[in-house]
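Novice: This one is target-v7.txt, compact mmCIF, C-alpha atoms.
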# COMPACT_ATOMS: atom_id res chain seq x y z
CA MET A 1 -6.09 32.33 -77.48
CA ASN A 2 -7.25 30.76 -74.26
CA LYS A 3 -8.10 27.09 -74.04
CA LYS A 4 -11.77 26.24 -74.06
CA ALA A 5 -13.53 24.50 -71.19
CA ILE A 6 -17.08 23.19 -71.07
CA ILE A 7 -18.61 23.55 -67.62
CA LEU A 8 -21.58 21.40 -66.64
CA LEU A 9 -23.64 24.08 -64.97
CA SER A 10 -26.77 22.87 -63.23
CA GLY A 11 -27.20 26.14 -61.40
CA GLY A 12 -26.47 24.62 -57.99
CA MET A 13 -23.82 25.94 -55.63
CA ASP A 14 -21.30 23.22 -56.51
CA SER A 15 -21.35 23.87 -60.24
CA ALA A 16 -21.20 27.63 -59.62
CA VAL A 17 -17.99 27.18 -57.65
CA VAL A 18 -16.61 24.97 -60.43
CA LEU A 19 -17.41 27.66 -62.99
CA ALA A 20 -15.47 30.16 -60.89
CA ILE A 21 -12.53 27.74 -60.62
CA ALA A 22 -12.41 27.22 -64.41
CA LYS A 23 -12.43 30.98 -64.93
CA ASP A 24 -9.70 31.40 -62.33
CA LEU A 25 -7.58 28.86 -64.26
CA GLY A 26 -7.83 31.06 -67.36
CA PHE A 27 -10.15 28.96 -69.54
CA ASP A 28 -12.66 30.43 -71.96
CA LEU A 29 -16.00 29.33 -70.56
CA TYR A 30 -18.64 27.30 -72.42
CA ALA A 31 -21.61 26.42 -70.23
CA LEU A 32 -23.83 23.36 -70.69
CA HIS A 33 -27.19 22.98 -68.97
CA LEU A 34 -29.57 20.05 -69.10
CA ASN A 35 -33.32 20.07 -68.74
CA TYR A 36 -34.29 16.50 -67.97
CA GLY A 37 -37.81 16.94 -66.73
CA GLN A 38 -36.60 17.30 -63.16
CA ARG A 39 -39.05 18.87 -60.70
CA THR A 40 -37.08 22.07 -60.26
CA GLN A 41 -36.26 22.58 -63.96
CA ASP A 42 -37.32 26.24 -64.11
CA ALA A 43 -35.50 27.29 -60.97
CA GLU A 44 -32.33 25.55 -62.17
CA LEU A 45 -32.48 27.09 -65.65
CA ASN A 46 -32.98 30.50 -64.13
CA ALA A 47 -29.92 30.05 -61.92
CA PHE A 48 -27.93 28.87 -64.97
CA GLU A 49 -28.85 31.94 -67.00
CA ASN A 50 -27.96 34.32 -64.19
CA LEU A 51 -24.62 32.63 -63.56
CA CYS A 52 -23.76 32.72 -67.29
CA LYS A 53 -24.46 36.44 -67.39
CA HIS A 54 -22.43 37.06 -64.23
CA TYR A 55 -19.41 35.17 -65.60
CA SER A 56 -19.73 36.37 -69.24
CA VAL A 57 -19.52 32.84 -70.68
CA LYS A 58 -18.57 32.66 -74.39
CA GLU A 59 -21.34 30.30 -75.36
CA LYS A 60 -24.31 28.57 -73.68
CA LEU A 61 -25.88 25.28 -74.68
CA VAL A 62 -29.18 24.22 -73.11
CA VAL A 63 -30.39 20.80 -74.15
CA ASP A 64 -33.55 18.87 -73.38
CA ILE A 65 -33.06 15.26 -72.41
CA ASN A 66 -36.61 14.41 -71.40
CA TYR A 67 -35.83 10.79 -72.07
CA LEU A 68 -34.64 10.54 -68.47
CA THR A 69 -38.27 11.21 -67.53
CA GLN A 70 -39.47 8.60 -70.06
CA ILE A 71 -37.07 6.13 -68.47
CA GLY A 72 -37.92 7.17 -64.91
CA GLY A 73 -36.64 5.19 -61.93
CA SER A 74 -35.86 8.24 -59.81
CA SER A 75 -37.84 10.53 -57.53
CA LEU A 76 -36.22 13.49 -59.30
CA THR A 77 -37.80 12.60 -62.63
CA ASP A 78 -40.84 10.47 -61.69
CA LEU A 79 -43.49 12.55 -59.94
CA LYS A 80 -45.10 9.37 -58.55
CA ILE A 81 -42.05 8.74 -56.35
CA GLN A 82 -41.81 11.01 -53.30
CA ILE A 83 -38.63 12.95 -52.48
CA PRO A 84 -37.42 11.61 -49.14
CA ASP A 85 -36.11 13.75 -46.30
CA ALA A 86 -32.36 13.65 -45.86
CA GLN A 87 -30.73 10.43 -44.66
CA ILE A 88 -27.16 11.55 -44.94
CA ASN A 89 -25.59 8.68 -43.02
CA SER A 90 -27.49 5.91 -44.79
CA GLN A 91 -25.43 3.46 -46.85
CA ASP A 92 -28.25 2.99 -49.38
CA ILE A 93 -28.37 4.84 -52.67
CA PRO A 94 -31.38 7.18 -52.26
CA ASN A 95 -34.26 7.26 -54.74
CA THR A 96 -33.10 10.68 -55.95
CA TYR A 97 -30.40 8.78 -57.92
CA VAL A 98 -31.11 9.33 -61.63
CA PRO A 99 -29.73 6.18 -63.24
CA PHE A 100 -26.44 6.92 -65.03
CA ARG A 101 -27.24 10.61 -65.36
CA ASN A 102 -23.66 11.84 -65.24
CA ALA A 103 -22.63 9.46 -68.03
CA ASN A 104 -25.39 10.87 -70.21
CA ILE A 105 -24.42 14.44 -69.41
CA LEU A 106 -20.72 13.82 -70.06
CA ALA A 107 -21.52 12.18 -73.41
CA ILE A 108 -23.33 15.33 -74.52
CA ALA A 109 -20.50 17.50 -73.24
CA THR A 110 -17.95 15.40 -75.11
CA SER A 111 -19.88 15.64 -78.39
CA TRP A 112 -19.93 19.41 -77.99
CA ALA A 113 -16.27 19.52 -76.96
CA GLU A 114 -15.24 17.58 -80.05
CA VAL A 115 -17.11 20.01 -82.32
CA ILE A 116 -15.85 23.27 -80.75
CA GLY A 117 -12.38 21.97 -79.90
CA ALA A 118 -12.64 22.21 -76.12
CA GLU A 119 -9.96 20.42 -74.15
CA ALA A 120 -11.54 20.35 -70.73
CA LEU A 121 -14.83 19.26 -69.19
CA PHE A 122 -15.51 20.61 -65.71
CA ILE A 123 -18.04 18.85 -63.52
CA GLY A 124 -19.00 19.65 -59.95
CA ALA A 125 -19.23 16.06 -58.78
CA ASN A 126 -18.55 15.48 -55.12
CA GLN A 127 -17.68 12.27 -53.37
CA ILE A 128 -17.53 13.45 -49.77
CA ASP A 129 -20.74 15.16 -48.70
CA SER A 130 -22.75 13.62 -51.55
CA SER A 131 -25.62 11.21 -51.50
CA GLY A 132 -23.56 8.14 -52.45
CA TYR A 133 -24.43 8.09 -56.14
CA PRO A 134 -22.14 5.68 -58.03
CA ASP A 135 -21.56 8.10 -60.91
CA THR A 136 -20.01 10.79 -58.73
CA ARG A 137 -16.92 8.80 -57.78
CA ASP A 138 -13.38 9.50 -58.86
CA GLU A 139 -12.86 6.02 -60.40
CA PHE A 140 -15.91 6.59 -62.57
CA PHE A 141 -14.53 9.81 -64.04
CA LYS A 142 -11.06 8.33 -64.62
CA SER A 143 -12.67 5.45 -66.49
CA TYR A 144 -14.87 7.85 -68.46
CA GLU A 145 -11.86 9.87 -69.58
CA LYS A 146 -10.19 6.72 -70.94
CA MET A 147 -13.37 5.82 -72.77
CA ILE A 148 -13.53 9.31 -74.33
CA ASP A 149 -9.99 8.91 -75.58
CA LEU A 150 -10.92 5.66 -77.36
CA GLY A 151 -14.27 6.90 -78.68
CA THR A 152 -13.25 10.22 -80.27
CA LYS A 153 -11.01 11.21 -83.18
CA PRO A 154 -7.27 10.60 -82.65
CA THR A 155 -6.70 14.38 -82.67
CA THR A 156 -9.26 14.98 -79.92
CA LYS A 157 -7.80 15.28 -76.41
CA ILE A 158 -10.30 15.89 -73.64
CA LYS A 159 -9.64 15.92 -69.91
CA ILE A 160 -12.32 15.71 -67.21
CA PHE A 161 -11.77 18.09 -64.30
CA THR A 162 -13.50 17.39 -60.99
CA PRO A 163 -11.98 20.16 -58.87
CA ILE A 164 -14.30 19.81 -55.87
CA ILE A 165 -14.64 16.01 -55.79
CA GLN A 166 -12.65 15.62 -52.57
CA MET A 167 -13.93 18.77 -50.83
CA THR A 168 -16.44 18.84 -48.00
CA LYS A 169 -19.41 21.19 -48.44
CA LYS A 170 -17.69 23.46 -45.94
CA GLU A 171 -14.61 23.63 -48.15
CA ILE A 172 -16.75 24.24 -51.25
CA VAL A 173 -18.42 27.19 -49.55
CA GLU A 174 -15.02 28.53 -48.44
CA GLN A 175 -13.58 28.14 -51.96
CA GLY A 176 -16.63 29.92 -53.36
CA GLN A 177 -16.28 32.79 -50.91
CA LYS A 178 -12.62 33.16 -51.86
CA LEU A 179 -13.55 33.40 -55.55
CA ASN A 180 -16.54 35.70 -54.89
CA VAL A 181 -19.13 33.24 -56.21
CA PRO A 182 -22.57 34.91 -56.21
CA PHE A 183 -24.28 32.20 -54.13
CA GLU A 184 -27.48 34.26 -54.13
CA LEU A 185 -27.91 33.32 -57.82
CA THR A 186 -27.72 29.54 -57.25
CA TRP A 187 -30.46 26.92 -56.69
CA SER A 188 -29.95 23.61 -54.91
CA CYS A 189 -33.34 22.32 -53.66
CA TYR A 190 -34.65 18.98 -55.02
CA ARG A 191 -38.32 19.73 -54.27
CA GLU A 192 -40.50 21.77 -56.61
CA SER A 193 -41.11 25.07 -54.89
CA GLU A 194 -40.76 28.83 -55.10
CA ILE A 195 -38.62 28.79 -51.99
CA SER A 196 -36.07 26.08 -51.13
CA CYS A 197 -37.54 23.54 -48.70
CA GLY A 198 -34.55 23.33 -46.38
CA THR A 199 -35.21 19.65 -45.58
CA CYS A 200 -34.35 17.53 -48.66
CA ASP A 201 -30.88 15.94 -49.03
CA SER A 202 -29.62 18.77 -51.16
CA CYS A 203 -30.82 21.63 -48.94
CA THR A 204 -29.62 19.83 -45.81
CA LEU A 205 -26.10 19.39 -47.21
CA ARG A 206 -25.97 22.97 -48.43
CA LEU A 207 -27.13 24.48 -45.16
CA LYS A 208 -24.67 22.35 -43.20
CA GLY A 209 -21.87 23.51 -45.53
CA PHE A 210 -22.60 27.17 -44.93
CA LYS A 211 -22.99 26.63 -41.19
CA ASP A 212 -19.69 24.74 -40.92
CA ALA A 213 -17.92 27.43 -42.95
CA GLY A 214 -19.36 30.13 -40.71
CA PHE A 215 -21.14 32.02 -43.48
CA ALA A 216 -24.81 32.86 -43.91
CA ASP A 217 -26.47 31.24 -46.94
CA PRO A 218 -27.90 34.23 -48.87
CA ILE A 219 -30.96 32.39 -50.28
CA PRO A 220 -34.30 32.08 -48.42
CA TYR A 221 -35.61 28.76 -47.01
CA LYS A 222 -39.00 27.53 -45.78
CA ILE A 223 -37.41 25.72 -42.82
CA LYS A 224 -33.87 26.37 -41.73
CA MET B 1 -38.03 -15.85 -66.90
CA ASN B 2 -35.73 -14.93 -69.75
CA LYS B 3 -32.97 -12.39 -69.34
CA LYS B 4 -33.66 -8.96 -70.76
CA ALA B 5 -31.62 -7.41 -73.55
CA ILE B 6 -31.81 -3.88 -74.90
CA ILE B 7 -31.14 -3.73 -78.63
CA LEU B 8 -30.06 -0.48 -80.23
CA LEU B 9 -32.24 -0.65 -83.28
CA SER B 10 -31.64 2.06 -85.86
CA GLY B 11 -33.64 0.21 -88.47
CA GLY B 12 -30.61 -0.49 -90.65
CA MET B 13 -29.62 -3.96 -91.81
CA ASP B 14 -26.87 -4.34 -89.21
CA SER B 15 -29.09 -3.64 -86.23
CA ALA B 16 -31.81 -5.89 -87.68
CA VAL B 17 -29.34 -8.79 -87.81
CA VAL B 18 -28.28 -8.02 -84.23
CA LEU B 19 -31.93 -8.09 -83.12
CA ALA B 20 -32.28 -11.53 -84.71
CA ILE B 21 -29.10 -12.72 -82.95
CA ALA B 22 -30.35 -11.52 -79.53
CA LYS B 23 -33.64 -13.32 -80.10
CA ASP B 24 -31.80 -16.46 -81.20
CA LEU B 25 -29.81 -16.35 -77.91
CA GLY B 26 -33.09 -16.46 -75.96
CA PHE B 27 -33.23 -12.91 -74.61
CA ASP B 28 -36.45 -10.98 -74.07
CA LEU B 29 -36.18 -8.09 -76.48
CA TYR B 30 -36.34 -4.39 -75.53
CA ALA B 31 -35.76 -2.11 -78.50
CA LEU B 32 -34.31 1.41 -78.31
CA HIS B 33 -34.47 3.88 -81.18
CA LEU B 34 -33.05 7.37 -81.38
CA ASN B 35 -34.28 10.31 -83.37
CA TYR B 36 -31.42 12.75 -83.49
CA GLY B 37 -32.51 15.05 -86.27
CA GLN B 38 -30.76 12.90 -88.85
CA ARG B 39 -31.84 13.43 -92.46
CA THR B 40 -33.51 10.05 -92.81
CA GLN B 41 -35.28 10.11 -89.43
CA ASP B 42 -38.71 9.12 -90.75
CA ALA B 43 -37.46 6.25 -92.89
CA GLU B 44 -35.42 4.89 -89.98
CA LEU B 45 -38.29 5.16 -87.48
CA ASN B 46 -40.58 3.37 -89.91
CA ALA B 47 -38.06 0.54 -90.30
CA PHE B 48 -37.72 0.35 -86.50
CA GLU B 49 -41.50 0.03 -85.98
CA ASN B 50 -41.81 -2.68 -88.62
CA LEU B 51 -38.92 -4.67 -87.20
CA CYS B 52 -40.35 -4.42 -83.64
CA LYS B 53 -43.68 -5.77 -84.87
CA HIS B 54 -42.00 -8.57 -86.82
CA TYR B 55 -39.96 -9.68 -83.78
CA SER B 56 -42.68 -9.06 -81.13
CA VAL B 57 -40.40 -7.02 -78.88
CA LYS B 58 -41.57 -6.72 -75.25
CA GLU B 59 -41.12 -2.96 -75.04
CA LYS B 60 -40.06 -0.13 -77.33
CA LEU B 61 -38.43 3.14 -76.34
CA VAL B 62 -38.09 5.95 -78.87
CA VAL B 63 -36.22 9.00 -77.63
CA ASP B 64 -35.48 12.35 -79.20
CA ILE B 65 -31.93 13.58 -78.86
CA ASN B 66 -32.11 16.61 -81.10
CA TYR B 67 -29.20 18.05 -79.18
CA LEU B 68 -26.93 16.25 -81.64
CA THR B 69 -28.40 18.60 -84.26
CA GLN B 70 -27.89 21.60 -81.96
CA ILE B 71 -24.27 20.52 -81.57
CA GLY B 72 -23.81 19.71 -85.28
CA GLY B 73 -20.40 18.93 -86.71
CA SER B 74 -21.61 16.13 -88.99
CA SER B 75 -23.18 15.95 -92.42
CA LEU B 76 -25.78 13.56 -90.97
CA THR B 77 -27.13 16.19 -88.60
CA ASP B 78 -26.12 19.51 -90.20
CA LEU B 79 -27.98 20.13 -93.45
CA LYS B 80 -25.38 22.71 -94.51
CA ILE B 81 -22.75 19.97 -94.84
CA GLN B 82 -23.13 17.80 -97.95
CA ILE B 83 -23.16 14.00 -97.72
CA PRO B 84 -20.13 12.81 -99.69
CA ASP B 85 -20.10 9.88 -102.09
CA ALA B 86 -18.43 6.79 -100.75
CA GLN B 87 -14.65 6.83 -100.18
CA ILE B 88 -14.35 3.42 -98.64
CA ASN B 89 -10.58 3.14 -98.82
CA SER B 90 -9.85 6.58 -97.42
CA GLN B 91 -8.01 6.72 -94.07
CA ASP B 92 -9.82 9.92 -93.07
CA ILE B 93 -12.84 9.93 -90.80
CA PRO B 94 -15.67 11.06 -93.12
CA ASN B 95 -17.93 14.01 -92.33
CA THR B 96 -20.82 11.61 -91.68
CA TYR B 97 -19.16 10.92 -88.29
CA VAL B 98 -21.53 12.21 -85.58
CA PRO B 99 -19.19 13.17 -82.75
CA PHE B 100 -19.37 10.61 -79.93
CA ARG B 101 -22.81 9.40 -81.01
CA ASN B 102 -22.41 5.83 -79.81
CA ALA B 103 -21.37 6.96 -76.35
CA ASN B 104 -24.53 9.06 -76.12
CA ILE B 105 -26.70 6.19 -77.29
CA LEU B 106 -25.11 3.70 -74.91
CA ALA B 107 -25.59 6.09 -71.98
CA ILE B 108 -29.32 6.21 -72.69
CA ALA B 109 -29.45 2.44 -73.08
CA THR B 110 -27.63 1.97 -69.78
CA SER B 111 -30.03 4.28 -67.92
CA TRP B 112 -32.94 2.25 -69.28
CA ALA B 113 -31.19 -1.05 -68.54
CA GLU B 114 -30.62 -0.07 -64.93
CA VAL B 115 -34.30 0.81 -64.46
CA ILE B 116 -35.78 -2.33 -66.12
CA GLY B 117 -33.05 -4.71 -64.93
CA ALA B 118 -31.65 -5.62 -68.35
CA GLU B 119 -28.29 -7.38 -68.33
CA ALA B 120 -27.30 -6.97 -71.94
CA LEU B 121 -26.95 -4.16 -74.45
CA PHE B 122 -26.72 -5.24 -78.08
CA ILE B 123 -25.24 -2.84 -80.61
CA GLY B 124 -24.64 -3.44 -84.30
CA ALA B 125 -21.30 -1.69 -84.46
CA ASN B 126 -18.92 -2.91 -87.10
CA GLN B 127 -15.20 -2.42 -87.34
CA ILE B 128 -14.49 -4.10 -90.66
CA ASP B 129 -16.60 -2.68 -93.46
CA SER B 130 -17.37 0.50 -91.55
CA SER B 131 -16.45 4.09 -92.25
CA GLY B 132 -13.63 4.26 -89.69
CA TYR B 133 -15.58 6.00 -86.92
CA PRO B 134 -13.61 5.88 -83.64
CA ASP B 135 -16.66 4.92 -81.56
CA THR B 136 -17.28 1.66 -83.45
CA ARG B 137 -14.09 -0.05 -82.33
CA ASP B 138 -13.82 -3.00 -80.00
CA GLU B 139 -11.51 -1.20 -77.53
CA PHE B 140 -14.08 1.56 -77.20
CA PHE B 141 -16.84 -0.85 -76.19
CA LYS B 142 -14.60 -2.73 -73.74
CA SER B 143 -13.71 0.57 -72.12
CA TYR B 144 -17.36 1.62 -72.06
CA GLU B 145 -18.38 -1.59 -70.28
CA LYS B 146 -15.82 -0.93 -67.54
CA MET B 147 -17.10 2.62 -67.17
CA ILE B 148 -20.69 1.33 -66.83
CA ASP B 149 -19.61 -0.99 -64.07
CA LEU B 150 -18.13 1.92 -62.12
CA GLY B 151 -20.98 4.35 -62.83
CA THR B 152 -24.01 2.21 -61.90
CA LYS B 153 -25.29 0.66 -58.66
CA PRO B 154 -23.16 -2.20 -57.27
CA THR B 155 -26.02 -4.63 -58.00
CA THR B 156 -26.24 -3.59 -61.66
CA LYS B 157 -24.35 -5.87 -64.07
CA ILE B 158 -24.53 -4.90 -67.72
CA LYS B 159 -22.63 -6.44 -70.60
CA ILE B 160 -22.23 -4.88 -74.05
CA PHE B 161 -22.65 -7.33 -76.93
CA THR B 162 -21.23 -6.43 -80.34
CA PRO B 163 -21.95 -9.68 -82.20
CA ILE B 164 -21.18 -8.40 -85.70
CA ILE B 165 -18.20 -6.18 -84.91
CA GLN B 166 -15.69 -8.45 -86.66
CA MET B 167 -17.93 -9.52 -89.55
CA THR B 168 -17.65 -8.27 -93.11
CA LYS B 169 -20.86 -6.95 -94.70
CA LYS B 170 -20.93 -10.20 -96.67
CA GLU B 171 -20.94 -12.20 -93.43
CA ILE B 172 -23.62 -9.96 -91.92
CA VAL B 173 -25.86 -10.59 -94.91
CA GLU B 174 -25.19 -14.35 -94.66
CA GLN B 175 -25.93 -14.36 -90.92
CA GLY B 176 -29.14 -12.45 -91.57
CA GLN B 177 -30.23 -14.89 -94.27
CA LYS B 178 -29.59 -17.80 -91.91
CA LEU B 179 -31.80 -16.19 -89.23
CA ASN B 180 -34.47 -15.13 -91.76
CA VAL B 181 -34.05 -11.41 -91.15
CA PRO B 182 -36.69 -9.48 -93.14
CA PHE B 183 -34.20 -7.23 -94.97
CA GLU B 184 -37.07 -5.71 -96.96
CA LEU B 185 -38.13 -3.90 -93.75
CA THR B 186 -34.75 -2.22 -93.15
CA TRP B 187 -33.37 1.20 -94.15
CA SER B 188 -29.68 2.04 -94.58
CA CYS B 189 -29.34 5.12 -96.82
CA TYR B 190 -27.73 8.29 -95.38
CA ARG B 191 -29.37 10.68 -97.85
CA GLU B 192 -32.88 12.04 -97.38
CA SER B 193 -35.02 10.31 -99.99
CA GLU B 194 -38.04 8.14 -100.65
CA ILE B 195 -35.81 5.59 -102.33
CA SER B 196 -32.28 4.71 -101.22
CA CYS B 197 -29.66 6.59 -103.27
CA GLY B 198 -27.32 3.66 -103.84
CA THR B 199 -24.23 5.89 -103.84
CA CYS B 200 -23.58 7.12 -100.28
CA ASP B 201 -21.16 5.23 -97.96
CA SER B 202 -23.93 3.29 -96.33
CA CYS B 203 -25.71 2.19 -99.54
CA THR B 204 -22.40 1.32 -101.18
CA LEU B 205 -21.35 -0.91 -98.28
CA ARG B 206 -24.76 -2.57 -98.13
CA LEU B 207 -24.94 -3.29 -101.86
CA LYS B 208 -21.41 -4.70 -101.84
CA GLY B 209 -22.34 -6.95 -98.91
CA PHE B 210 -25.33 -8.42 -100.71
CA LYS B 211 -23.35 -8.82 -103.93
CA ASP B 212 -20.47 -10.58 -102.17
CA ALA B 213 -22.91 -12.88 -100.36
CA GLY B 214 -24.63 -13.73 -103.64
CA PHE B 215 -28.08 -12.51 -102.56
CA ALA B 216 -30.32 -9.87 -104.09
CA ASP B 217 -31.00 -6.87 -101.83
CA PRO B 218 -34.82 -6.76 -101.62
CA ILE B 219 -35.10 -2.95 -101.31
CA PRO B 220 -35.25 -0.58 -104.33
CA TYR B 221 -32.43 1.85 -105.24
CA LYS B 222 -32.14 4.91 -107.47
CA ILE B 223 -28.75 3.79 -108.80
CA LYS B 224 -27.49 0.28 -108.30
Re-express the file's structure as structure tokens.
Specialist:
Amino acid sequence: MNKKAIILLSGGMDSAVVLAIAKDLGFDLYALHLNYGQRTQDAELNAFENLCKHYSVKEKLVVDINYLTQIGGSSLTDLKIQIPDAQINSQDIPNTYVPFRNANILAIATSWAEVIGAEALFIGANQIDSSGYPDTRDEFFKSYEKMIDLGTKPTTKIKIFTPIIQMTKKEIVEQGQKLNVPFELTWSCYRESEISCGTCDSCTLRLKGFKDAGFADPIPYKIK
Amino acid sequence: MNKKAIILLSGGMDSAVVLAIAKDLGFDLYALHLNYGQRTQDAELNAFENLCKHYSVKEKLVVDINYLTQIGGSSLTDLKIQIPDAQINSQDIPNTYVPFRNANILAIATSWAEVIGAEALFIGANQIDSSGYPDTRDEFFKSYEKMIDLGTKPTTKIKIFTPIIQMTKKEIVEQGQKLNVPFELTWSCYRESEISCGTCDSCTLRLKGFKDAGFADPIPYKIK
């Protein structure tokens, strides 16, 4: 029997590549998706479903954590705060930061892992071409893994895998191409829209990644 | 201006005593309650509301995390698993353990704390007269605090307070009496019921605590 891995699958290009990596490593795939009242919830869920079908995941878990909207404090979850255009070289943490989101998501994944006996959590966090969020850093995940070990049953052993944390977007695109990731099924834009805006942080980073890797991004954009 | 504290307020006697301790320390009180599809959800929410009124908390946040029911794995959230009678001296982790619940709850509390600028999280975890859950131990909370520090903005400083973690139930009752905690407003029973059963782990520990402290528990029981 293969080992079980839970993959945090937002539906973006990073998590799609991570899903492909986990499959390539021989894990049985369990995919977790979170609706947290973010602006692009439907587009992300749609991407999640299509990726799960493509990769024949064993089990899907979609959970609603609308409390992040109740709590607010981020332009991704509070419609009164405007999504800024990209400021990639700024040292400030942008207002798209959803306070402590990854810790919430990992807690849910760990609860599920303990129940189904999964040994691995895969998360597509990225420290290089990211927006400087504190909960996407390597030290954070190392510390989280220790905390899991202390907070679960003695028989539970769970490792957090962050296979793309040190990759540039260019390298993520290249890795995805190598593993035949269906990028046309993914969704990355932060702004609510039928078509990706091409100008928010997330679109800007994605487009730059494809350009640097020398591939065409297969999804349509308003402005490219 | 007073410092802000978020109190994890289930509505049980332990969290009520912790609320009183936070107030006694001079914090402004922000109370967080979780509905997670537990059997006694209504009784607990009712106790929470009454305690918030009694202590004039500044703000309340009630969030639904039904995903713990979706995930299951515990007799508290899965109605197919029966609640056992108390086995206080057993070394096994009982089936009332909700996998990684405290880590989920603390993640929500930390998100809220970061948005409102709270510096303290109070949780009524208890290591002594508890049921042996891994996520109620001191080492777990110390590790969690470190993880928070790494996963939040550099300006965010949050401390976890576990003021009753080393107390026996007897001492918790005594502390509550000293601070005039309205124990008649609290709810502790694990079993779904109008009146507390008096025989589950939680009732058994509570009744023993009152007996050892030499006080009468003001709430009614089916079997005492």
Novice: Select from chain B every residue with an atom at most 7 Å from any atom of chain A, then for each give the shortest pair of atoms and their distance in Å to one decimal, using only C-alpha atoms, rows by chain and rising number, as JSON lines.
Specialist:
{"residue": "B:Val63", "atom": "CA", "partner": "A:Tyr67", "partner_atom": "CA", "distance": 5.9}
{"residue": "B:Ile65", "atom": "CA", "partner": "A:Ile65", "partner_atom": "CA", "distance": 6.8}
{"residue": "B:Tyr67", "atom": "CA", "partner": "A:Val63", "partner_atom": "CA", "distance": 5.9}
{"residue": "B:Ile71", "atom": "CA", "partner": "A:Trp112", "partner_atom": "CA", "distance": 5.7}
{"residue": "B:Gly73", "atom": "CA", "partner": "A:Val115", "partner_atom": "CA", "distance": 5.6}
{"residue": "B:Pro99", "atom": "CA", "partner": "A:Ser111", "partner_atom": "CA", "distance": 5.1}
{"residue": "B:Phe100", "atom": "CA", "partner": "A:Ser111", "partner_atom": "CA", "distance": 5.3}
{"residue": "B:Ala103", "atom": "CA", "partner": "A:Ala107", "partner_atom": "CA", "distance": 6.0}
{"residue": "B:Asn104", "atom": "CA", "partner": "A:Ala107", "partner_atom": "CA", "distance": 5.1}
{"residue": "B:Ala107", "atom": "CA", "partner": "A:Asn104", "partner_atom": "CA", "distance": 5.1}
{"residue": "B:Ile108", "atom": "CA", "partner": "A:Asn104", "partner_atom": "CA", "distance": 6.6}
{"residue": "B:Thr110", "atom": "CA", "partner": "A:Phe100", "partner_atom": "CA", "distance": 7.0}
{"residue": "B:Ser111", "atom": "CA", "partner": "A:Pro99", "partner_atom": "CA", "distance": 5.1}
{"residue": "B:Trp112", "atom": "CA", "partner": "A:Ile71", "partner_atom": "CA", "distance": 5.7}
{"residue": "B:Glu114", "atom": "CA", "partner": "A:Pro99", "partner_atom": "CA", "distance": 6.5}
{"residue": "B:Val115", "atom": "CA", "partner": "A:Gly73", "partner_atom": "CA", "distance": 5.6}
{"residue": "B:Pro134", "atom": "CA", "partner": "A:Gly151", "partner_atom": "CA", "distance": 5.1}
{"residue": "B:Asp135", "atom": "CA", "partner": "A:Gly151", "partner_atom": "CA", "distance": 4.2}
{"residue": "B:Glu139", "atom": "CA", "partner": "A:Leu150", "partner_atom": "CA", "distance": 6.9}
{"residue": "B:Phe140", "atom": "CA", "partner": "A:Leu150", "partner_atom": "CA", "distance": 5.2}
{"residue": "B:Ser143", "atom": "CA", "partner": "A:Met147", "partner_atom": "CA", "distance": 5.3}
{"residue": "B:Tyr144", "atom": "CA", "partner": "A:Met147", "partner_atom": "CA", "distance": 5.8}
{"residue": "B:Met147", "atom": "CA", "partner": "A:Ser143", "partner_atom": "CA", "distance": 5.3}
{"residue": "B:Leu150", "atom": "CA", "partner": "A:Phe140", "partner_atom": "CA", "distance": 5.2}
{"residue": "B:Gly151", "atom": "CA", "partner": "A:Asp135", "partner_atom": "CA", "distance": 4.3}
{"residue": "B:Thr152", "atom": "CA", "partner": "A:Pro134", "partner_atom": "CA", "distance": 5.5}
{"residue": "B:Lys153", "atom": "CA", "partner": "A:Pro134", "partner_atom": "CA", "distance": 6.0}
Novice: Can you work out the spacing between atom CA of A:Cys189 and atom CA of A:Pro163 in Å, to one decimal?
Specialist: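 We find that atom CA of A:Cys189 and atom CA of A:Pro163 lie 22.1 Å from each other.
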Novice: Can you measure atom CA of A:Cys197 to atom CA of A:Lys224 for me? One decimal in Å is fine.
Specialist: 8.4 Å
Novice: What is the distance between atom CA of B:Asp212 and atom CA of B:Asp42, in Å to one decimal?
Specialist: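 It comes out at 29.2 Å.
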Novice: Write out as a short mmCIF file (atom, residue, chain, number, x, y, z; two decimals) with C-alpha atoms, in the frame of the given file the residues lying within 9 Å of B:Leu51, counting only C-alpha atoms and excluding same-chain residues fewer than 2 positions away.
Specialist:
data_model
loop_
_atom_site.label_atom_id
_atom_site.label_comp_id
_atom_site.auth_asym_id
_atom_site.auth_seq_id
_atom_site.Cartn_x
_atom_site.Cartn_y
_atom_site.Cartn_z
CA LEU B 9 -32.24 -0.65 -83.28
CA GLY B 11 -33.64 0.21 -88.47
CA ALA B 16 -31.81 -5.89 -87.68
CA LEU B 19 -31.93 -8.09 -83.12
CA ASN B 46 -40.58 3.37 -89.91
CA ALA B 47 -38.06 0.54 -90.30
CA PHE B 48 -37.72 0.35 -86.50
CA GLU B 49 -41.50 0.03 -85.98
CA LYS B 53 -43.68 -5.77 -84.87
CA HIS B 54 -42.00 -8.57 -86.82
CA TYR B 55 -39.96 -9.68 -83.78
CA SER B 56 -42.68 -9.06 -81.13
CA VAL B 57 -40.40 -7.02 -78.88
CA PRO B 182 -36.69 -9.48 -93.14
CA LEU B 185 -38.13 -3.90 -93.75
CA THR B 186 -34.75 -2.22 -93.15
#
Novice: Compile the contact shell of A:Ala118 as a PyMOL selection string: residues with an atom at most 12 Å away, counting only C-alpha atoms, same-chain residues fewer than 3 positions apart removed.
Specialist: chain A and resi 2-7+27-31+59+109-115+121-122+155-160
